[in-house]
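Student: Dropping in final_5.cif, with mmCIF, C-alpha atoms.
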```
data_protein
#
loop_
_atom_site.label_atom_id
_atom_site.label_comp_id
_atom_site.auth_asym_id
_atom_site.auth_seq_id
_atom_site.Cartn_x
_atom_site.Cartn_y
_atom_site.Cartn_z
CA MET U 1 0.00 0.00 0.00
CA LYS U 2 1.24 3.49 -0.93
CA PRO U 3 2.04 5.82 1.92
CA VAL U 4 -0.71 8.33 2.65
CA PRO U 5 0.49 11.83 1.65
CA PRO U 6 1.11 14.18 4.57
CA ASP U 7 -2.01 16.17 5.23
CA ASN U 8 -0.60 19.24 6.90
CA GLU U 9 0.58 20.81 3.65
CA ARG U 10 -0.78 24.06 2.26
CA TYR U 11 -0.48 25.89 -0.99
CA SER U 12 2.42 28.37 -1.00
CA LEU U 13 1.56 31.88 0.17
CA VAL U 14 2.02 33.28 -3.36
CA ALA U 15 -0.40 30.67 -4.75
CA ILE U 16 -2.92 31.45 -1.99
CA VAL U 17 -2.75 35.22 -2.56
CA LEU U 18 -3.07 34.81 -6.35
CA HIS U 19 -6.00 32.40 -5.97
CA TRP U 20 -8.07 34.71 -3.79
CA LEU U 21 -7.07 37.87 -5.64
CA ILE U 22 -8.08 36.39 -9.00
CA ALA U 23 -11.30 35.02 -7.44
CA LEU U 24 -12.21 38.48 -6.12
CA LEU U 25 -11.33 40.17 -9.42
CA PHE U 26 -13.29 37.57 -11.38
CA LEU U 27 -16.40 38.16 -9.27
CA SER U 28 -16.09 41.95 -9.68
CA MET U 29 -15.62 41.53 -13.41
CA ILE U 30 -18.75 39.42 -13.78
CA ILE U 31 -20.76 42.07 -11.93
CA ALA U 32 -19.15 44.97 -13.83
CA GLY U 33 -19.50 43.18 -17.17
CA TYR U 34 -23.17 42.42 -16.65
CA THR U 35 -23.82 45.98 -15.42
CA MET U 36 -22.04 47.78 -18.25
CA ALA U 37 -23.63 45.64 -20.95
CA SER U 38 -27.13 46.25 -19.61
CA LEU U 39 -26.73 49.96 -18.80
CA SER U 40 -28.77 52.33 -20.90
CA ASP U 41 -27.09 55.21 -22.68
CA ALA U 42 -28.53 57.66 -20.15
CA ASP U 43 -25.23 57.97 -18.36
CA LEU U 44 -22.69 57.53 -21.12
CA SER U 45 -19.82 58.79 -19.04
CA PHE U 46 -20.31 56.15 -16.33
CA LYS U 47 -20.88 53.44 -18.91
CA PHE U 48 -17.74 54.40 -20.80
CA SER U 49 -15.53 54.47 -17.70
CA LEU U 50 -16.95 51.13 -16.53
CA TYR U 51 -15.80 49.62 -19.84
CA GLN U 52 -12.36 51.14 -19.37
CA TRP U 53 -12.01 49.73 -15.84
CA HIS U 54 -13.29 46.37 -17.05
CA LYS U 55 -10.57 46.31 -19.74
CA SER U 56 -7.86 47.29 -17.25
CA PHE U 57 -8.83 44.65 -14.70
CA GLY U 58 -9.33 42.04 -17.43
CA ILE U 59 -5.75 42.45 -18.63
CA THR U 60 -4.69 42.39 -14.95
CA ILE U 61 -6.43 39.02 -14.47
CA MET U 62 -4.76 37.69 -17.61
CA LEU U 63 -1.31 38.75 -16.40
CA LEU U 64 -1.93 37.47 -12.87
CA THR U 65 -3.06 34.11 -14.27
CA LEU U 66 0.12 33.83 -16.34
CA LEU U 67 2.10 34.66 -13.21
CA ARG U 68 0.12 32.06 -11.31
CA LEU U 69 0.74 29.34 -13.91
CA GLY U 70 4.43 30.25 -13.98
CA TRP U 71 4.57 30.02 -10.19
CA ARG U 72 2.79 26.71 -10.21
CA LEU U 73 5.36 25.22 -12.61
CA GLY U 74 8.00 25.74 -9.93
CA HIS U 75 5.83 25.08 -6.87
CA SER U 76 3.80 21.89 -6.74
CA PRO U 77 0.43 22.10 -5.00
CA PRO U 78 -0.17 19.87 -1.98
CA GLU U 79 -0.51 16.24 -2.97
CA THR U 80 -3.92 14.64 -2.97
CA ALA U 81 -5.13 11.08 -3.11
CA ASN U 82 -5.08 9.53 -6.56
CA THR U 83 -8.73 8.49 -6.52
CA ARG U 84 -11.37 9.37 -9.04
CA PRO U 85 -12.97 12.44 -7.37
CA TYR U 86 -9.53 14.01 -6.90
CA LYS U 87 -8.62 13.30 -10.51
CA THR U 88 -11.86 15.00 -11.57
CA ALA U 89 -11.04 17.91 -9.28
CA LYS U 90 -7.61 18.26 -10.92
CA LEU U 91 -9.25 18.31 -14.33
CA MET U 92 -11.71 20.98 -13.17
CA HIS U 93 -8.88 23.09 -11.74
CA GLY U 94 -7.04 22.82 -15.05
CA LEU U 95 -10.21 23.93 -16.80
CA LEU U 96 -10.57 26.92 -14.46
CA TYR U 97 -6.96 27.96 -15.13
CA GLY U 98 -7.52 27.73 -18.87
CA LEU U 99 -10.79 29.66 -18.75
CA THR U 100 -9.34 32.38 -16.55
CA LEU U 101 -6.85 32.93 -19.36
CA MET U 102 -9.34 32.49 -22.20
CA ILE U 103 -11.91 35.02 -20.96
CA PRO U 104 -9.56 38.03 -20.98
CA LEU U 105 -8.07 36.84 -24.28
CA ALA U 106 -11.53 36.75 -25.83
CA GLY U 107 -12.23 40.18 -24.32
CA TRP U 108 -8.99 41.51 -25.74
CA ALA U 109 -9.89 40.11 -29.18
CA LEU U 110 -13.35 41.68 -28.87
CA VAL U 111 -11.90 45.10 -28.03
CA SER U 112 -9.44 44.76 -30.92
CA ALA U 113 -12.19 43.87 -33.38
CA SER U 114 -14.52 46.66 -32.27
CA PRO U 115 -15.36 49.14 -35.05
CA PHE U 116 -14.99 51.84 -32.38
CA ASN U 117 -11.26 51.08 -32.28
CA ILE U 118 -10.96 52.47 -28.76
CA PRO U 119 -7.40 52.29 -27.46
CA THR U 120 -6.89 50.46 -24.19
CA ALA U 121 -5.07 52.60 -21.65
CA LEU U 122 -4.52 50.39 -18.61
CA PHE U 123 -5.82 52.29 -15.58
CA GLY U 124 -5.82 55.36 -17.80
CA GLU U 125 -2.04 55.34 -18.01
CA PHE U 126 -0.36 52.57 -19.97
CA ASN U 127 -1.08 51.91 -23.56
CA TRP U 128 -2.08 48.32 -24.27
CA PRO U 129 -2.06 47.37 -27.98
CA HIS U 130 -4.84 45.71 -29.94
CA LEU U 131 -4.41 42.09 -31.04
CA PRO U 132 -3.01 42.23 -34.58
CA TYR U 133 -5.30 39.85 -36.46
CA PHE U 134 -8.57 41.06 -34.93
CA SER U 135 -7.84 44.76 -35.42
CA THR U 136 -7.60 44.32 -39.20
CA LEU U 137 -10.65 42.13 -39.87
CA PRO U 138 -12.68 43.24 -42.88
CA ASP U 139 -16.09 42.89 -41.21
CA LYS U 140 -15.45 44.20 -37.74
CA GLN U 141 -19.10 44.57 -36.84
CA SER U 142 -20.00 40.88 -37.12
CA ALA U 143 -16.61 39.79 -35.72
CA GLU U 144 -17.26 41.98 -32.67
CA ALA U 145 -20.75 40.53 -32.24
CA SER U 146 -19.45 36.92 -32.35
CA LEU U 147 -16.54 37.64 -30.03
CA LYS U 148 -18.91 39.33 -27.61
CA LEU U 149 -20.92 36.11 -27.41
CA VAL U 150 -17.74 34.05 -26.94
CA HIS U 151 -16.45 36.37 -24.21
CA MET U 152 -19.79 36.43 -22.41
CA GLY U 153 -20.38 32.69 -22.80
CA LEU U 154 -16.94 31.84 -21.43
CA ALA U 155 -17.41 34.27 -18.52
CA TYR U 156 -20.83 33.01 -17.45
CA GLY U 157 -19.76 29.39 -18.05
CA THR U 158 -16.77 29.95 -15.80
CA GLY U 159 -19.09 31.55 -13.26
CA VAL U 160 -21.10 28.31 -13.13
CA LEU U 161 -17.90 26.23 -12.82
CA ALA U 162 -16.69 28.55 -10.05
CA LEU U 163 -19.95 27.97 -8.17
CA GLY U 164 -19.34 24.21 -8.43
CA HIS U 165 -15.76 24.79 -7.27
CA MET U 166 -17.03 26.71 -4.20
CA ALA U 167 -19.69 24.10 -3.47
CA ALA U 168 -17.02 21.37 -3.58
CA ALA U 169 -14.77 23.32 -1.22
CA LEU U 170 -17.61 23.87 1.26
CA TYR U 171 -18.66 20.22 0.98
CA HIS U 172 -15.13 19.14 1.88
CA HIS U 173 -14.90 21.61 4.73
CA PHE U 174 -18.26 21.18 6.39
CA LEU U 175 -19.43 17.70 5.44
CA LEU U 176 -16.28 15.67 4.85
CA LYS U 177 -14.51 17.81 7.46
CA ASP U 178 -11.11 17.46 5.73
CA ARG U 179 -8.38 20.04 5.19
CA ILE U 180 -8.94 20.72 1.50
CA LEU U 181 -10.20 24.29 1.97
CA VAL U 182 -7.68 25.01 4.74
CA LYS U 183 -4.87 24.28 2.27
CA MET U 184 -5.94 27.36 0.34
CA MET U 185 -6.12 29.52 3.48
CA PRO U 186 -3.18 31.52 4.77
CA LYS U 187 -1.58 29.95 7.84
CA LYS U 188 -2.56 31.49 11.14
CA ARG U 189 0.34 33.00 13.04
CA LYS U 190 1.51 30.71 15.84
CA ASN U 191 2.09 31.84 19.40
CA ARG U 192 -0.08 34.87 18.93
CA VAL U 193 -0.05 36.81 22.18
CA LYS U 194 -3.55 37.33 23.44
CA PRO U 195 -4.35 40.87 24.37
CA MET S 196 21.13 100.60 -71.56
CA ARG S 197 22.36 97.43 -69.85
CA LYS S 198 24.00 99.52 -67.15
CA MET S 199 20.74 101.40 -66.62
CA ASN S 200 18.92 98.10 -66.13
CA GLN S 201 21.42 96.98 -63.54
CA THR S 202 21.06 100.22 -61.66
CA ALA S 203 17.30 99.93 -61.80
CA CYS S 204 17.48 96.40 -60.45
CA PHE S 205 19.71 97.51 -57.63
CA LEU S 206 17.35 100.34 -56.77
CA MET S 207 14.39 97.97 -56.85
CA PHE S 208 16.28 95.66 -54.52
CA LEU S 209 16.94 98.50 -52.10
CA TRP S 210 13.32 99.59 -52.26
CA VAL S 211 11.93 96.15 -51.60
CA PHE S 212 14.19 95.32 -48.71
CA LEU S 213 14.58 98.69 -47.05
CA ASN S 214 11.20 100.29 -47.62
CA PRO S 215 9.66 100.64 -44.13
CA SER S 216 6.18 99.65 -45.22
CA ALA S 217 7.49 96.49 -46.85
CA ILE S 218 9.36 95.55 -43.67
CA ALA S 219 6.35 96.20 -41.50
CA ALA S 220 4.33 93.69 -43.47
CA ASP S 221 6.02 90.51 -42.31
CA TRP S 222 5.52 88.87 -38.95
CA ARG S 223 7.04 85.95 -37.15
CA ILE S 224 5.12 83.90 -34.59
CA ILE S 225 6.71 83.55 -31.17
CA THR S 226 5.70 79.95 -30.65
CA GLU S 227 6.65 79.75 -26.98
CA GLU S 228 4.19 82.51 -26.13
CA SER S 229 1.43 81.44 -28.50
CA THR S 230 -1.22 78.80 -27.96
CA ILE S 231 -3.71 76.98 -30.15
CA GLU S 232 -6.19 75.16 -27.97
CA PHE S 233 -9.30 73.15 -28.67
CA SER S 234 -12.13 71.88 -26.54
CA GLY S 235 -14.95 69.42 -26.97
CA THR S 236 -16.99 66.88 -25.07
CA GLN S 237 -16.60 63.13 -24.66
CA THR S 238 -19.59 61.24 -23.21
CA GLY S 239 -20.87 64.67 -22.23
CA VAL S 240 -17.78 65.50 -20.23
CA PRO S 241 -15.78 68.52 -21.42
CA PHE S 242 -12.12 68.13 -22.32
CA SER S 243 -9.53 70.42 -23.78
CA GLY S 244 -6.29 70.02 -25.61
CA LYS S 245 -3.61 71.95 -27.40
CA PHE S 246 -1.31 71.82 -30.38
CA ALA S 247 2.36 72.08 -29.52
CA ARG S 248 3.68 72.71 -33.04
CA PHE S 249 2.39 75.25 -35.54
CA GLY S 250 3.69 78.04 -37.70
CA ALA S 251 2.53 80.68 -40.15
CA ASP S 252 3.59 83.02 -42.89
CA ILE S 253 1.99 86.32 -42.00
CA SER S 254 2.01 89.47 -44.04
CA PHE S 255 0.09 92.30 -42.50
CA ASP S 256 0.36 96.04 -42.68
CA PRO S 257 -1.98 97.81 -40.25
CA ALA S 258 -2.28 100.64 -42.74
CA ASP S 259 -3.46 98.26 -45.45
CA PRO S 260 -5.34 95.31 -43.92
CA ALA S 261 -6.96 94.43 -47.25
CA SER S 262 -3.59 93.22 -48.52
CA ALA S 263 -2.96 90.95 -45.54
CA TYR S 264 -2.08 87.34 -46.17
CA VAL S 265 -1.85 84.45 -43.73
CA LYS S 266 -0.95 80.86 -44.26
CA ALA S 267 -0.84 78.83 -41.06
CA GLU S 268 0.13 75.19 -40.61
CA ILE S 269 -0.69 73.10 -37.58
CA ASP S 270 1.09 69.82 -36.90
CA LEU S 271 -1.82 67.53 -36.01
CA ALA S 272 0.45 64.92 -34.43
CA SER S 273 1.33 67.50 -31.77
CA ALA S 274 -2.19 67.49 -30.30
CA THR S 275 -2.49 66.39 -26.67
CA THR S 276 -5.45 66.36 -24.31
CA GLY S 277 -3.87 64.93 -21.17
CA ASP S 278 -5.58 61.55 -21.51
CA THR S 279 -3.64 58.49 -22.70
CA GLN S 280 -6.60 56.87 -24.35
CA ARG S 281 -7.78 59.98 -26.21
CA ASP S 282 -4.25 60.91 -27.23
CA THR S 283 -3.69 57.43 -28.62
CA ALA S 284 -6.92 57.56 -30.62
CA LEU S 285 -6.49 61.12 -31.94
CA PRO S 286 -3.74 60.47 -34.54
CA GLN S 287 -5.47 57.34 -35.84
CA GLU S 288 -7.46 56.90 -39.02
CA ASP S 289 -10.88 57.59 -37.47
CA TRP S 290 -9.74 60.98 -36.14
CA PHE S 291 -6.89 63.14 -37.53
CA PHE S 292 -5.33 60.32 -39.59
CA VAL S 293 -1.94 62.01 -39.25
CA SER S 294 -0.06 59.40 -41.26
CA THR S 295 -1.92 60.58 -44.35
CA PHE S 296 -2.87 64.14 -43.34
CA PRO S 297 -0.09 65.36 -41.06
CA LYS S 298 -1.04 69.03 -41.15
CA ALA S 299 -4.05 71.31 -40.99
CA THR S 300 -3.72 74.56 -42.91
CA PHE S 301 -5.52 77.87 -42.80
CA GLU S 302 -5.07 80.34 -45.62
CA ALA S 303 -6.66 83.77 -45.82
CA THR S 304 -6.17 86.91 -47.86
CA GLY S 305 -7.33 90.35 -46.76
CA PHE S 306 -8.51 91.41 -43.32
CA GLN S 307 -11.59 93.56 -42.88
CA PRO S 308 -11.24 96.06 -40.07
CA LEU S 309 -14.25 96.20 -37.74
CA GLU S 310 -14.72 98.48 -34.74
CA ASP S 311 -12.08 98.65 -31.97
CA ASN S 312 -9.18 96.28 -32.61
CA ARG S 313 -11.34 93.74 -34.31
CA TYR S 314 -10.92 92.30 -37.77
CA SER S 315 -12.56 89.59 -39.78
CA THR S 316 -11.53 87.44 -42.68
CA MET S 317 -12.69 84.43 -44.65
CA GLY S 318 -10.14 81.68 -44.73
CA ALA S 319 -9.73 78.25 -46.27
CA LEU S 320 -9.34 75.68 -43.52
CA THR S 321 -8.03 72.32 -44.67
CA LEU S 322 -8.27 69.39 -42.31
CA LYS S 323 -8.01 65.72 -43.21
CA GLY S 324 -8.02 66.59 -46.90
CA ILE S 325 -11.26 68.59 -46.73
CA THR S 326 -11.22 72.34 -47.34
CA LYS S 327 -13.96 74.62 -46.02
CA ILE S 328 -14.22 78.37 -46.12
CA VAL S 329 -14.65 79.54 -42.55
CA PRO S 330 -15.19 83.04 -41.22
CA LEU S 331 -12.67 84.10 -38.61
CA SER S 332 -12.99 87.21 -36.50
CA PHE S 333 -10.20 88.23 -34.19
CA THR S 334 -8.70 91.04 -32.19
CA LEU S 335 -5.25 92.45 -32.74
CA THR S 336 -3.43 94.34 -30.03
CA PHE S 337 -0.13 95.95 -30.73
CA ASP S 338 2.65 96.43 -28.27
CA GLY S 339 5.68 98.00 -29.89
CA GLU S 340 7.07 95.52 -32.38
CA ARG S 341 4.74 92.84 -31.15
CA ALA S 342 1.15 91.96 -31.85
CA LEU S 343 -1.26 89.68 -30.04
CA MET S 344 -3.94 88.00 -32.10
CA GLN S 345 -6.85 86.43 -30.21
CA SER S 346 -9.69 84.52 -31.70
CA SER S 347 -12.06 81.69 -31.15
CA LEU S 348 -13.63 79.55 -33.77
CA ALA S 349 -16.51 77.08 -33.50
CA LEU S 350 -16.12 74.08 -35.79
CA ASN S 351 -18.22 71.04 -36.55
CA ARG S 352 -15.83 68.10 -36.70
CA ALA S 353 -18.20 66.24 -39.03
CA ASP S 354 -17.51 68.89 -41.72
CA PHE S 355 -13.97 67.55 -41.92
CA GLY S 356 -14.61 63.86 -41.37
CA VAL S 357 -12.86 64.00 -38.00
CA GLY S 358 -14.49 61.09 -36.21
CA ALA S 359 -15.26 58.42 -38.80
CA GLY S 360 -17.33 55.24 -38.71
CA PRO S 361 -19.33 54.92 -35.48
CA TRP S 362 -17.86 58.26 -34.30
CA ALA S 363 -19.44 60.21 -37.14
CA GLU S 364 -22.50 60.87 -34.99
CA GLY S 365 -22.10 63.03 -31.93
CA LYS S 366 -23.36 60.46 -29.43
CA TRP S 367 -20.04 59.63 -27.77
CA VAL S 368 -17.92 62.59 -28.78
CA GLY S 369 -19.67 65.91 -29.37
CA LEU S 370 -19.61 67.29 -32.91
CA ASN S 371 -18.85 70.84 -31.79
CA VAL S 372 -15.25 71.72 -31.24
CA ASP S 373 -14.14 75.17 -30.13
CA VAL S 374 -10.72 76.34 -31.17
CA SER S 375 -9.10 79.24 -29.40
CA LEU S 376 -6.11 81.08 -30.72
CA ASN S 377 -3.66 83.25 -28.82
CA ILE S 378 -0.91 84.14 -31.23
CA VAL S 379 1.97 86.42 -30.34
CA ALA S 380 3.96 87.66 -33.32
CA GLU S 381 6.73 90.14 -33.82
CA GLN S 382 7.71 92.12 -36.85
CA LYS S 383 10.51 90.51 -38.77
CA GLU S 384 13.79 92.39 -38.62
CA PRO S 385 15.03 93.65 -41.96
#
```
Show the structure stored in the file as structure tokens.

Tutor:
Amino acid sequence: MKPVPPDNERYSLVAIVLHWLIALLFLSMIIAGYTMASLSDADLSFKFSLYQWHKSFGITIMLLTLLRLGWRLGHSPPETANTRPYKTAKLMHGLLYGLTLMIPLAGWALVSASPFNIPTALFGEFNWPHLPYFSTLPDKQSAEASLKLVHMGLAYGTGVLALGHMAAALYHHFLLKDRILVKMMPKKRKNRVKP
Amino acid sequence: MRKMNQTACFLMFLWVFLNPSAIAADWRIITEESTIEFSGTQTGVPFSGKFARFGADISFDPADPASAYVKAEIDLASATTGDTQRDTALPQEDWFFVSTFPKATFEATGFQPLEDNRYSTMGALTLKGITKIVPLSFTLTFDGERALMQSSLALNRADFGVGAGPWAEGKWVGLNVDVSLNIVAEQKEP
């Protein structure tokens, strides 16, 4: 019989920070994206700036996810049992990584294909280029419409997956009472002096 | 006969270059003290910008404003509005399209004196390959060898195709653009 992997491991602090930061940003982006797409043109200024913030944070998520994948290559996550549910979980995590990268990429393509050709200035400061192929499409209007559907579909699809991911974490924590969720929590400081 | 011609030429030369009224006619812009600014609205919010590079050939004799001549050139790539996004969009094809139309020009002949220090003229404004005759009224104040020209001009950007495609309507970016000119010029030395 194989030795049971040690169960007191956690994800590295960098992995934990990136996980929760990206989770928080993703949630804000879903809310902002839904809001800006359904806003009327009554307050154009607010609508416009919401789009600009959405673009800035979207690129941020993309860069953070690349950083996260890079970090993961050098830092293995805590080992888990090699049984079927854990294998499925690994697959789902891989899917979430991929989607977190795909959503901003689709958004970037959508911005690049837009007939409005609005430059992306990250947080109003740094110029972010358009994607070459998409910015020179002959029929930008229909390309934009399709990419909008792709971007939105991926985002809402990921939202559903993320709900499943959360449900699984809570199931482990409260029903199976294992340490799965704790592994993604920052370690509490030891020997904390009580006031 | 030949000698006479040479003498006449020499005298003509002296007259053209030393005649006080001829000297008084030419002006040089002091760029550091002059400004060309513009303002508009984006999603209803006002913004303003300026051109950093411009120049003009100016011939103007206060005693004979009808013979005045101005040809001004504005380097459109030098426009800034203090916003990275807007300033990135401005030189592109939908807006100034500076790679094809690097300069705007304004050319006018003859100033009509109005009351006080005010004058008016009709000039040909060329922007993005489109030329329109626009009326320009301005004030001129003289201070020794210097003159200050002040004017403001209301333009419709759609007249010049500035803002193409989905920008052609004024929904996102207002069609009205106000240009204000503060030009300091000095008489050219002989």

Student: For Phe126 (chain U), find every residue with an atom within 10 Å (counting only C-alpha atoms), except residues of its own chain fewer than 3 positions away, and show them as a list in words.

Tutor: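 The residues satisfying every condition are Ser56, Thr120, Ala121, Leu122, Phe123 and Pro129 of chain U; Thr279 and Gln280 of chain S.
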
Student: When you look at Ala42 (chain U) with a cut-off of 12 Å (counting only C-alpha atoms), what residues show up, excluding the ones that are within fewer than 5 positions of it in the same chain? I need them as a PyMOL selection string.

Tutor: (chain U and resi 36+47-48) or (chain S and resi 238-239+366-367)

Student: Report as CSV: every residue of chain S with an atom at most 10 Å from chain U, its closest pair of atoms, and their distance in Å to one decimal, counting only C-alpha atoms, with rows sorted by chain and ascending residue number.

Tutor:
```
residue,atom,partner,partner_atom,distance
S:Gln237,CA,U:Ser45,CA,7.8
S:Thr238,CA,U:Ser45,CA,4.8
S:Gly239,CA,U:Ser45,CA,6.8
S:Val240,CA,U:Ser45,CA,7.1
S:Asp278,CA,U:Gly124,CA,7.2
S:Thr279,CA,U:Glu125,CA,5.9
S:Gln280,CA,U:Ala121,CA,5.3
S:Arg281,CA,U:Pro119,CA,7.8
S:Asp282,CA,U:Pro119,CA,9.2
S:Thr283,CA,U:Pro119,CA,6.4
S:Ala284,CA,U:Pro119,CA,6.2
S:Leu285,CA,U:Pro119,CA,9.9
S:Gln287,CA,U:Asn117,CA,9.2
S:Glu288,CA,U:Asn117,CA,9.7
S:Asp289,CA,U:Asn117,CA,8.3
S:Ala359,CA,U:Phe116,CA,9.2
S:Gly360,CA,U:Pro115,CA,7.4
S:Pro361,CA,U:Phe116,CA,6.2
S:Trp362,CA,U:Phe116,CA,7.3
S:Lys366,CA,U:Leu44,CA,8.8
S:Trp367,CA,U:Leu44,CA,7.5
```

Student: I need the output of the PyMOL selection byres ((chain S and resi 304-309) around 6) for this file as a compact mmCIF listing (two decimals) with C-alpha atoms, keeping the file's coordinate frame; which residues are they?

Tutor:
```txt
# COMPACT_ATOMS: atom_id res chain seq x y z
CA PRO S 260 -5.34 95.31 -43.92
CA ALA S 261 -6.96 94.43 -47.25
CA SER S 262 -3.59 93.22 -48.52
CA ALA S 263 -2.96 90.95 -45.54
CA TYR S 264 -2.08 87.34 -46.17
CA ALA S 303 -6.66 83.77 -45.82
CA GLU S 310 -14.72 98.48 -34.74
CA ARG S 313 -11.34 93.74 -34.31
CA TYR S 314 -10.92 92.30 -37.77
CA SER S 315 -12.56 89.59 -39.78
CA THR S 316 -11.53 87.44 -42.68
```

Student: For the atom pair CA of Pro297 (chain S) and CA of Phe134 (chain U), what is the interatomic distance in Å to one decimal place?

Tutor: 26.5 Å

Student: Can you tell me which residues surround Glu228 (chain S) at a distance of at most 9 Å, considering only C-alpha atoms, apart from same-chain residues fewer than 3 positions away, and format the answer as a VMD selection string?

Tutor: chain S and resid 224 to 225 377 to 380

Student: CA of Leu170 (chain U) and CA of Asn82 (chain U) are how many Å apart?

Tutor: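 That distance, rounded to one decimal, is 20.6 Å.
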
Student: State, in Å with one decimal place, the distance from CA of Thr326 (chain S) to CA of Leu350 (chain S).

Tutor: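 Going from CA of Thr326 (chain S) over to CA of Leu350 (chain S) covers 12.7 Å.
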
Student: Pick out the closest residue to Ser76 (chain U) from this set: U:Leu149, U:Ala169, U:Ala15, U:Leu163. Count all atoms listed in the file.

Tutor: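 Comparing U:Leu149, U:Ala169, U:Ala15, U:Leu163 against Ser76 (chain U), the winner is U:Ala15.
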
Student: Please determine, counting all atoms listed in the file, which residue among S:Ala342, S:Val372, S:Ala272, S:Val265 has the shortest atom-to-atom distance to Val293 (chain S).

Tutor: S:Ala272

Student: Taking the file above as input, evaluate the PyMOL selection byres ((chain U and resi 131) around 10) and report the hits as an MDAnalysis selection string.

Tutor: chainID U and resid 105 108:113 128:130 132:136

Student: Write out as a list in words which residues come within 8 Å of Thr300 (chain S) when counting only C-alpha atoms, dropping same-chain ones fewer than 5 positions away.

Tutor: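 That gives Lys266, Ala267, Glu268, Ile269, Ala319, Leu320, Thr321 and Leu322 of chain S.
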
Student: I'd like the contact shell of Asn8 (chain U) - 12 Å cut-off, all atoms listed in the file, skipping same-chain residues fewer than 2 positions apart - returned as a list in words.

Tutor: Val4, Pro5, Pro6, Arg10, Tyr11, Pro78, Glu79, Thr80, Asp178, Arg179, Ile180, Leu181, Val182, Lys183, Met184 and Lys187 of chain U

Student: What does the PyMOL selection byres ((chain U and resi 27-33) around 12) select in this file, as number ranges by chain?

Tutor: U: 20-26, 34-39, 46-61, 100, 103-104, 107, 148, 151-160, 162-163

Student: Build an axis-aligned box that encloses every atom of region 108-123 of chain U listed in the file, pad it by 6 Å on each side, and report its centre and edge lengths in Å to one decimal, as lines of an AutoDock Vina configuration file.

Tutor:
```
center_x = -9.9
center_y = 46.4
center_z = -25.3
size_x = 22.8
size_y = 24.5
size_z = 31.5
```

Student: Pick the closest to Phe292 (chain S) from S:Gly324, S:Gly277, S:Gly339, S:Gly369: which is it, counting all atoms listed in the file?

Tutor: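 Result for the nearest residue to Phe292 (chain S): S:Gly324.
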